[in-house]
Amino acid sequence: MSRHTATNDKGHQFVYGFDGPLSYYFLDRVYPDGRFRHIVGLCSCPPVYGSALNLLEYLDKFRVEVPEAHRDLLMLDLPI
């Protein structure tokens, strides 16, 4: 399982990555008090399938800044 942290232009913190055994990508918003909001992946509500395309879409939607190498891997549907 990979797990990376990143922030957006508003300073909000996010966690994203790939869970190999379950074969899905995830994106979570992390709040200052430690709570999580699952945005992409198994526990997301409303449900958003944990695909590379959905992760890229929501990273862009929330303006989360991730390394270009991670974007390249996601575009190729490869684990990050």
# chains A, B, ... in the order shown; residues from 1 in each chain; ligands from 1
$ select_by_dssp --residues "chain A" --states "alpha helix (DSSP H)" --output "list in words"
Ala52, Leu53, Asn54, Leu55, Leu56, Glu57, Tyr58, Leu59, Asp60, Lys61, Glu68, Ala69, His70, Arg71, Asp72, Leu73, Leu74 and Met75 of chain A
$ closest_atom_pairs --of "stretch 14-54 of chain A" --to "stretch 61-80 of chain A" --cutoff "12 Å" --atoms "only C-alpha atoms" --output "tab-separated table"
residue	atom	partner	partner_atom	distance
A:Phe14	CA	A:Val64	CA	7.5
A:Val15	CA	A:Val64	CA	9.9
A:Tyr16	CA	A:Ile80	CA	9.2
A:Gly17	CA	A:Ile80	CA	6.3
A:Phe18	CA	A:Pro79	CA	5.9
A:Asp19	CA	A:Pro79	CA	8.4
A:Gly20	CA	A:Pro79	CA	7.8
A:Pro21	CA	A:Pro79	CA	11.5
A:Leu22	CA	A:Pro79	CA	11.9
A:Ser23	CA	A:Pro79	CA	9.0
A:Tyr24	CA	A:Pro79	CA	9.1
A:Tyr25	CA	A:Pro79	CA	8.2
A:Phe26	CA	A:Ile80	CA	10.9
A:Leu27	CA	A:Val64	CA	10.2
A:Asp28	CA	A:Phe62	CA	11.1
A:Arg29	CA	A:Phe62	CA	9.7
A:Ile39	CA	A:Phe62	CA	10.3
A:Val40	CA	A:Lys61	CA	11.9
A:Gly50	CA	A:Asp77	CA	11.4
A:Ser51	CA	A:Asp77	CA	8.1
A:Ala52	CA	A:Leu74	CA	5.3
A:Leu53	CA	A:Leu74	CA	7.3
A:Asn54	CA	A:Leu74	CA	9.8
$ residues_around --residues "stretch 31-34 of chain A" --least-positions-apart "4" --cutoff "12 Å" --atoms "only C-alpha atoms" --output "compact mmCIF listing (two decimals) with all heavy atoms, in the first residue's frame"
# COMPACT_ATOMS: atom_id res chain seq x y z
N THR A 7 -1.13 18.94 -0.08
CA THR A 7 -2.04 20.03 0.27
C THR A 7 -2.54 20.68 -1.01
O THR A 7 -1.98 20.53 -2.09
CB THR A 7 -1.36 21.09 1.14
OG1 THR A 7 -0.22 21.59 0.44
CG2 THR A 7 -0.94 20.52 2.47
N GLY A 11 -4.47 25.22 1.55
CA GLY A 11 -3.78 24.67 2.71
C GLY A 11 -4.45 23.45 3.32
O GLY A 11 -4.03 23.00 4.38
N HIS A 12 -5.49 22.92 2.67
CA HIS A 12 -6.15 21.72 3.18
C HIS A 12 -5.28 20.51 2.91
O HIS A 12 -4.67 20.40 1.85
CB HIS A 12 -7.51 21.52 2.51
CG HIS A 12 -8.46 22.65 2.76
ND1 HIS A 12 -9.43 23.01 1.86
CD2 HIS A 12 -8.57 23.51 3.79
CE1 HIS A 12 -10.12 24.02 2.33
NE2 HIS A 12 -9.60 24.35 3.50
N GLN A 13 -5.22 19.60 3.87
CA GLN A 13 -4.37 18.42 3.74
C GLN A 13 -5.17 17.24 3.21
O GLN A 13 -6.32 17.02 3.59
CB GLN A 13 -3.75 18.06 5.08
CG GLN A 13 -2.74 16.93 4.97
CD GLN A 13 -2.03 16.66 6.28
OE1 GLN A 13 -2.42 17.15 7.34
NE2 GLN A 13 -0.98 15.88 6.21
N PHE A 14 -4.53 16.46 2.33
CA PHE A 14 -5.13 15.28 1.73
C PHE A 14 -4.15 14.11 1.82
O PHE A 14 -2.94 14.31 1.87
CB PHE A 14 -5.46 15.53 0.25
CG PHE A 14 -6.54 16.53 0.04
CD1 PHE A 14 -6.26 17.88 0.04
CD2 PHE A 14 -7.85 16.13 -0.16
CE1 PHE A 14 -7.26 18.83 -0.16
CE2 PHE A 14 -8.86 17.05 -0.36
CZ PHE A 14 -8.56 18.40 -0.36
N VAL A 15 -4.70 12.90 1.84
CA VAL A 15 -3.93 11.67 1.78
C VAL A 15 -4.42 10.90 0.57
O VAL A 15 -5.62 10.79 0.35
CB VAL A 15 -4.14 10.83 3.06
CG1 VAL A 15 -3.43 9.50 2.96
CG2 VAL A 15 -3.66 11.59 4.28
N HIS A 38 -13.54 10.46 3.34
CA HIS A 38 -13.14 9.63 2.21
C HIS A 38 -13.80 10.17 0.95
O HIS A 38 -15.02 10.26 0.87
CB HIS A 38 -13.56 8.18 2.45
CG HIS A 38 -13.02 7.62 3.73
ND1 HIS A 38 -11.69 7.34 3.92
CD2 HIS A 38 -13.62 7.31 4.90
CE1 HIS A 38 -11.50 6.87 5.13
NE2 HIS A 38 -12.67 6.85 5.76
